[in-house]
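coords20.tsv follows (TSV, C-alpha atoms):
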```tsv
chain	number	residue	atom	x	y	z
A	1	ASP	CA	-5.60	31.42	19.80
A	2	ALA	CA	-9.21	32.64	19.98
A	3	HIS	CA	-9.14	33.79	16.37
A	4	ARG	CA	-8.12	30.40	14.97
A	5	ILE	CA	-10.47	28.81	12.44
A	6	PRO	CA	-11.89	25.55	13.87
A	7	ALA	CA	-10.68	22.29	12.28
A	8	GLY	CA	-13.19	20.99	9.75
A	9	SER	CA	-14.14	24.50	8.62
A	10	THR	CA	-14.13	25.35	4.93
A	11	VAL	CA	-11.94	28.13	3.57
A	12	VAL	CA	-13.45	29.74	0.45
A	13	LEU	CA	-10.79	30.83	-2.06
A	14	HIS	CA	-11.14	33.37	-4.89
A	15	SER	CA	-7.85	34.76	-6.20
A	16	PRO	CA	-5.88	35.42	-9.40
A	17	GLY	CA	-2.79	33.96	-7.72
A	18	GLY	CA	0.48	35.39	-6.47
A	19	SER	CA	3.64	33.93	-4.99
A	20	LEU	CA	4.33	30.26	-5.76
A	21	LEU	CA	6.02	29.73	-2.39
A	22	GLY	CA	3.22	31.66	-0.68
A	23	GLY	CA	0.65	29.32	-2.26
A	24	LEU	CA	2.57	26.26	-1.05
A	25	LYS	CA	2.91	27.70	2.47
A	26	LEU	CA	-0.80	28.52	2.62
A	27	GLY	CA	-1.68	25.01	1.40
A	28	HIS	CA	0.49	23.46	4.11
A	29	ALA	CA	-1.12	25.69	6.77
A	30	ILE	CA	-4.62	24.75	5.57
A	31	ARG	CA	-3.79	21.03	5.80
A	32	ALA	CA	-1.96	21.34	9.14
A	33	ASN	CA	-5.05	23.00	10.65
A	34	GLY	CA	-7.49	20.36	9.34
A	35	LEU	CA	-9.36	22.77	7.05
A	36	ASN	CA	-11.31	22.12	3.84
A	37	THR	CA	-11.31	24.32	0.74
A	38	GLU	CA	-13.85	25.53	-1.78
A	39	ILE	CA	-13.46	27.73	-4.84
A	40	GLY	CA	-15.98	30.54	-4.58
A	41	ARG	CA	-16.67	34.02	-3.28
A	42	ALA	CA	-19.09	35.78	-0.97
A	43	ASN	CA	-22.64	35.60	-2.27
A	44	GLY	CA	-24.16	38.77	-0.81
A	45	THR	CA	-26.57	37.94	1.98
A	46	GLU	CA	-27.28	34.37	0.85
A	47	ILE	CA	-25.80	31.39	2.68
A	48	GLY	CA	-23.01	29.71	0.73
A	49	SER	CA	-20.79	31.03	-1.97
A	50	ALA	CA	-21.06	32.06	-5.59
A	51	ALA	CA	-18.82	30.69	-8.34
A	52	GLY	CA	-15.24	31.88	-8.07
A	53	GLU	CA	-11.82	31.68	-9.66
A	54	CYS	CA	-8.63	30.15	-8.29
A	55	TYR	CA	-5.56	30.56	-10.48
A	56	SER	CA	-1.82	30.01	-10.24
A	57	ALA	CA	-0.61	30.08	-6.60
A	58	CYS	CA	-4.24	29.96	-5.39
A	59	ALA	CA	-4.62	26.67	-7.29
A	60	LEU	CA	-1.79	25.21	-5.20
A	61	ALA	CA	-3.12	26.61	-1.91
A	62	PHE	CA	-6.54	25.08	-2.72
A	63	LEU	CA	-4.95	21.60	-2.68
A	64	GLY	CA	-4.21	21.97	1.03
A	65	GLY	CA	-7.86	21.29	1.91
A	66	ARG	CA	-8.50	17.79	3.23
A	67	PHE	CA	-11.82	17.89	1.41
A	68	ARG	CA	-12.08	20.11	-1.68
A	69	TRP	CA	-15.11	21.37	-3.58
A	70	THR	CA	-15.86	23.63	-6.48
A	71	GLN	CA	-18.96	24.57	-8.43
A	72	GLU	CA	-19.50	23.80	-12.09
A	73	ALA	CA	-19.21	27.53	-12.92
A	74	SER	CA	-16.04	28.09	-10.86
A	75	ARG	CA	-12.70	28.14	-12.64
A	76	TYR	CA	-9.47	26.42	-11.58
A	77	GLY	CA	-6.40	27.38	-13.59
A	78	VAL	CA	-2.69	26.59	-13.63
A	79	HIS	CA	0.34	27.60	-15.67
A	80	ARG	CA	4.13	27.31	-15.65
A	81	PHE	CA	5.78	29.05	-12.73
A	82	TYR	CA	8.38	31.68	-13.45
A	83	SER	CA	11.19	33.62	-11.81
A	84	THR	CA	11.43	37.39	-11.93
A	85	GLY	CA	15.24	37.23	-11.62
A	86	GLY	CA	16.17	36.41	-15.22
A	87	LYS	CA	19.53	34.93	-14.16
A	88	PRO	CA	21.47	32.01	-15.69
A	89	ALA	CA	20.78	29.93	-12.57
A	90	ASP	CA	17.03	30.04	-13.33
A	91	ALA	CA	17.20	26.60	-14.99
A	92	ASP	CA	18.55	25.15	-11.74
A	93	LEU	CA	15.83	26.94	-9.78
A	94	ALA	CA	13.14	25.61	-12.14
A	95	GLN	CA	14.36	22.03	-11.64
A	96	MET	CA	14.38	22.43	-7.85
A	97	MET	CA	10.90	24.03	-7.82
A	98	SER	CA	9.53	21.21	-9.99
A	99	SER	CA	10.76	18.75	-7.37
A	100	VAL	CA	9.18	20.82	-4.56
A	101	ILE	CA	5.85	20.94	-6.41
A	102	VAL	CA	5.82	17.17	-7.10
A	103	SER	CA	6.55	16.49	-3.40
A	104	TYR	CA	3.73	18.85	-2.41
A	105	LEU	CA	1.27	17.17	-4.81
A	106	GLN	CA	2.16	13.74	-3.44
A	107	GLU	CA	1.80	14.96	0.16
A	108	MET	CA	-1.65	16.36	-0.65
A	109	GLU	CA	-2.58	13.09	-2.46
A	110	ILE	CA	-2.96	14.82	-5.83
A	111	ASP	CA	-2.01	13.07	-9.07
A	112	PRO	CA	1.47	14.39	-10.00
A	113	ALA	CA	0.15	14.70	-13.59
A	114	LEU	CA	-1.10	18.11	-12.42
A	115	LEU	CA	2.50	19.31	-12.90
A	116	ALA	CA	2.20	18.36	-16.58
A	117	GLU	CA	-1.04	20.38	-16.77
A	118	MET	CA	0.92	23.32	-15.35
A	119	SER	CA	3.72	22.94	-17.89
A	120	PHE	CA	1.33	22.98	-20.90
A	121	THR	CA	0.71	26.72	-20.57
A	122	SER	CA	3.11	29.66	-20.44
A	123	SER	CA	3.26	31.88	-17.38
A	124	GLN	CA	1.52	34.60	-19.41
A	125	ASP	CA	-1.57	32.45	-20.02
A	126	MET	CA	-3.81	30.11	-18.01
A	127	ASN	CA	-4.77	26.44	-18.42
A	128	VAL	CA	-8.33	26.29	-17.04
A	129	ILE	CA	-8.86	22.64	-16.15
A	130	PRO	CA	-12.37	21.21	-16.68
A	131	LEU	CA	-14.13	19.85	-13.59
A	132	ALA	CA	-14.06	16.24	-14.85
A	133	ARG	CA	-10.26	16.46	-15.22
A	134	GLN	CA	-9.98	18.07	-11.75
A	135	ARG	CA	-11.80	15.07	-10.30
A	136	ALA	CA	-9.60	12.62	-12.25
A	137	LEU	CA	-6.47	14.30	-10.80
A	138	ASN	CA	-8.05	14.37	-7.29
A	139	VAL	CA	-7.82	18.18	-7.30
A	140	VAL	CA	-11.50	18.12	-6.32
A	141	ASN	CA	-12.64	15.22	-4.14
A	142	ASP	CA	-16.21	16.39	-3.36
A	143	GLY	CA	-15.78	15.68	0.35
A	144	GLN	CA	-14.62	12.06	0.05
A	145	ALA	CA	-11.16	10.61	0.59
A	146	PRO	CA	-10.26	7.48	-1.41
A	147	THR	CA	-11.50	4.16	-0.03
A	148	VAL	CA	-8.77	2.15	1.69
A	149	TRP	CA	-9.16	-1.65	1.48
A	150	THR	CA	-7.44	-4.01	3.92
A	151	LEU	CA	-7.54	-7.75	4.64
A	152	GLU	CA	-7.20	-8.35	8.38
A	153	SER	CA	-7.45	-11.20	10.89
A	154	GLY	CA	-7.74	-11.62	14.62
A	155	GLY	CA	-9.42	-13.94	17.11
A	156	GLY	CA	-10.20	-16.58	14.48
A	157	VAL	CA	-11.94	-14.07	12.21
A	158	ILE	CA	-10.75	-12.95	8.78
A	159	TYR	CA	-12.29	-9.84	7.34
A	160	LEU	CA	-12.11	-7.57	4.35
A	161	LYS	CA	-12.55	-3.92	5.34
A	162	GLY	CA	-13.14	-0.89	3.15
A	163	GLN	CA	-12.95	2.48	4.90
A	164	ARG	CA	-13.63	5.93	3.50
A	165	ASP	CA	-13.29	9.20	5.36
A	166	THR	CA	-15.83	11.78	4.22
A	167	PHE	CA	-16.76	15.33	5.09
A	168	ARG	CA	-19.71	13.92	7.05
A	169	GLY	CA	-17.84	11.15	8.90
A	170	VAL	CA	-16.29	7.71	8.43
A	171	ASN	CA	-17.90	4.90	6.41
A	172	LYS	CA	-16.82	1.27	6.83
A	173	PHE	CA	-17.81	-1.87	4.95
A	174	MET	CA	-16.67	-5.21	6.40
A	175	LEU	CA	-17.07	-8.78	5.19
A	176	LEU	CA	-16.25	-11.22	8.00
A	177	CYS	CA	-15.55	-14.92	7.65
A	178	VAL	CA	-16.20	-16.53	11.04
A	179	GLY	CA	-14.67	-19.96	11.62
A	180	GLY	CA	-14.31	-20.55	7.89
A	181	GLN	CA	-18.05	-21.18	7.66
A	182	GLN	CA	-20.22	-18.10	7.98
A	183	LEU	CA	-19.91	-14.86	6.00
A	184	ASN	CA	-21.24	-11.70	7.66
A	185	LEU	CA	-21.60	-8.19	6.29
A	186	TYR	CA	-21.30	-5.11	8.51
A	187	THR	CA	-21.60	-1.50	7.49
A	188	VAL	CA	-20.72	1.40	9.78
A	189	PHE	CA	-21.52	5.05	9.14
A	190	ASP	CA	-20.17	7.69	11.50
A	191	ALA	CA	-22.31	10.52	10.19
A	192	GLU	CA	-21.06	13.68	11.88
A	193	GLY	CA	-20.19	11.75	15.05
A	194	HIS	CA	-23.50	9.87	15.24
A	195	LEU	CA	-22.46	6.24	14.80
A	196	VAL	CA	-24.88	4.01	12.88
A	197	ALA	CA	-24.09	0.31	12.36
```
What is this structure when it is put down as structure tokens?
Amino acid sequence: DAHRIPAGSTVVLHSPGGSLLGGLKLGHAIRANGLNTEIGRANGTEIGSAAGECYSACALAFLGGRFRWTQEASRYGVHRFYSTGGKPADADLAQMMSSVIVSYLQEMEIDPALLAEMSFTSSQDMNVIPLARQRALNVVNDGQAPTVWTLESGGGVIYLKGQRDTFRGVNKFMLLCVGGQQLNLYTVFDAEGHLVA
């Protein structure tokens, strides 16, 4: 499709929210297409975006970004979800939706404690989460995935490898023990496809 947004592009979100299921679907589509997210809004003729707001269902869609940014002045808010049906089966629906949200948070590598942050505030109000707390929950990752550490061996070499995917490329740190005698350090930076070792 010629109108498809290229993978690695950043989707800028600014919304008061909407449908819970719509937010989850949008988040899945963002992740499936390899997109990043930022909370903001158009900034006139200047390059970049101005501070924005992302509440409720938008807050869930935002989590779909592989890499996620926000500005200090932007606002990210959550609250309890609700049903407009008002039926006795709503308690069952709430339990099922809680399970769906926890699965979504885990899939997006977000701390499931975000669900607790949602539950603190009624659906008629908004829990605006401070930026430091967003970072602690991995809601915002500032363009860096967590570092993955592995201990590997092969060909008589044992090495400890730390790898981090970032918005700019892949970073690797390796400590190699060759023949049980010599310790070597290698660092690899794949900055936007330009490998530096």
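Distance cut-off 6 Å, centre (-6.4, 25.4, -7.6), atoms counted all atoms listed in the file; the residues meeting this are Cys54, Tyr55, Cys58, Ala59, Leu60, Phe62 and Tyr76 of chain A.
Here the question is which of A:Gln182, A:Thr187, A:Asn127, A:Ser119 gets nearest to Ala94 (chain A) using all atoms listed in the file, and that residue is A:Ser119.
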So that I can see what lies close to region 136-140 of chain A, please list as a PyMOL selection string the residues with an atom at most 6 Å from it, counting all atoms listed in the file and leaving out residues fewer than 5 positions away in the same chain. chain A and resi 68-69+110-111
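Put simply, CA of Ile5 (chain A) is 22.8 Å away from CA of Tyr104 (chain A).
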Nearby residues (all atoms listed in the file) at most 7 Å from Gly52 (chain A), same-chain spacing under 6 positions excluded, as a ChimeraX atom specification: /A:14,39-41,74-75
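Excluding Gly18 (chain A) and any residue on its chain fewer than 4 positions from it, the residues at most 8 Å away by all atoms listed in the file are Gly22, Gly23, Ser56, Ala57 and Cys58 of chain A.
Among A:Gly34, A:Met126, A:Leu176, A:Asn171, the residue with the shortest atom-to-atom distance to Arg4 (chain A), counting only C-alpha atoms, is A:Gly34.
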Please return, as number ranges by chain, all polymer residues that have at least one atom within 8 Å of the point (-14.7, -0.1, 2.1); use all atoms listed in the file and the file's own coordinate frame. A: 147-149, 161-164, 171-174
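If you count only C-alpha atoms and ignore residues fewer than 6 places along the chain from Glu117 (chain A), what sits within 9 Å of it is Val78, His79, Arg80, Asn127 and Ile129 of chain A.
Minimum distance to Tyr82 (chain A) across A:Gln134, A:Thr10, A:Asn141, A:Ser123 (counting only C-alpha atoms) occurs at A:Ser123.
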To one decimal in Å, tell me the separation between CA of Met118 (chain A) and CA of Ile101 (chain A). 10.5 Å
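Counting from CA of Thr70 (chain A), the distance to CA of Ser98 (chain A) is 25.7 Å.
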Who sits within 10 Å of Leu105 (chain A), all atoms listed in the file, same chain under 2 positions skipped, as a ChimeraX atom specification: /A:24,60,63-64,99-103,107-115,139
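Nearest to Pro6 (chain A) of all the residues A:Leu185, A:Met96, A:Ala32, A:Ala73 is A:Ala32, counting all atoms listed in the file.
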Can you take the partial region 130-142 of chain A, add N, CA and C atoms, and return it as a PDB file, keeping the file's coordinate frame?
```
ATOM      1  N   PRO A 130     -10.947  21.575 -16.838  1.00  0.00           N
ATOM      2  CA  PRO A 130     -12.370  21.210 -16.680  1.00  0.00           C
ATOM      3  C   PRO A 130     -12.596  20.408 -15.396  1.00  0.00           C
ATOM      4  N   LEU A 131     -13.801  20.501 -14.858  1.00  0.00           N
ATOM      5  CA  LEU A 131     -14.130  19.850 -13.590  1.00  0.00           C
ATOM      6  C   LEU A 131     -13.914  18.336 -13.651  1.00  0.00           C
ATOM      7  N   ALA A 132     -14.257  17.696 -14.744  1.00  0.00           N
ATOM      8  CA  ALA A 132     -14.060  16.240 -14.850  1.00  0.00           C
ATOM      9  C   ALA A 132     -12.572  15.890 -14.720  1.00  0.00           C
ATOM     10  N   ARG A 133     -11.711  16.693 -15.310  1.00  0.00           N
ATOM     11  CA  ARG A 133     -10.260  16.460 -15.220  1.00  0.00           C
ATOM     12  C   ARG A 133      -9.765  16.754 -13.804  1.00  0.00           C
ATOM     13  N   GLN A 134     -10.336  17.779 -13.149  1.00  0.00           N
ATOM     14  CA  GLN A 134      -9.980  18.070 -11.750  1.00  0.00           C
ATOM     15  C   GLN A 134     -10.275  16.862 -10.876  1.00  0.00           C
ATOM     16  N   ARG A 135     -11.433  16.256 -11.092  1.00  0.00           N
ATOM     17  CA  ARG A 135     -11.800  15.070 -10.300  1.00  0.00           C
ATOM     18  C   ARG A 135     -10.856  13.907 -10.606  1.00  0.00           C
ATOM     19  N   ALA A 136     -10.500  13.720 -11.868  1.00  0.00           N
ATOM     20  CA  ALA A 136      -9.600  12.620 -12.250  1.00  0.00           C
ATOM     21  C   ALA A 136      -8.228  12.785 -11.601  1.00  0.00           C
ATOM     22  N   LEU A 137      -7.776  14.021 -11.422  1.00  0.00           N
ATOM     23  CA  LEU A 137      -6.470  14.300 -10.800  1.00  0.00           C
ATOM     24  C   LEU A 137      -6.566  14.362  -9.275  1.00  0.00           C
ATOM     25  N   ASN A 138      -7.761  14.224  -8.720  1.00  0.00           N
ATOM     26  CA  ASN A 138      -8.050  14.370  -7.290  1.00  0.00           C
ATOM     27  C   ASN A 138      -7.814  15.794  -6.795  1.00  0.00           C
ATOM     28  N   VAL A 139      -7.853  16.767  -7.693  1.00  0.00           N
ATOM     29  CA  VAL A 139      -7.820  18.180  -7.300  1.00  0.00           C
ATOM     30  C   VAL A 139      -9.084  18.477  -6.510  1.00  0.00           C
ATOM     31  N   VAL A 140     -10.207  18.015  -7.001  1.00  0.00           N
ATOM     32  CA  VAL A 140     -11.500  18.120  -6.320  1.00  0.00           C
ATOM     33  C   VAL A 140     -11.884  16.714  -5.883  1.00  0.00           C
ATOM     34  N   ASN A 141     -12.231  16.553  -4.608  1.00  0.00           N
ATOM     35  CA  ASN A 141     -12.640  15.220  -4.140  1.00  0.00           C
ATOM     36  C   ASN A 141     -14.078  15.188  -3.620  1.00  0.00           C
ATOM     37  N   ASP A 142     -14.784  16.306  -3.736  1.00  0.00           N
ATOM     38  CA  ASP A 142     -16.210  16.390  -3.360  1.00  0.00           C
ATOM     39  C   ASP A 142     -16.490  15.838  -1.966  1.00  0.00           C
TER      40      ASP A 142
END
```
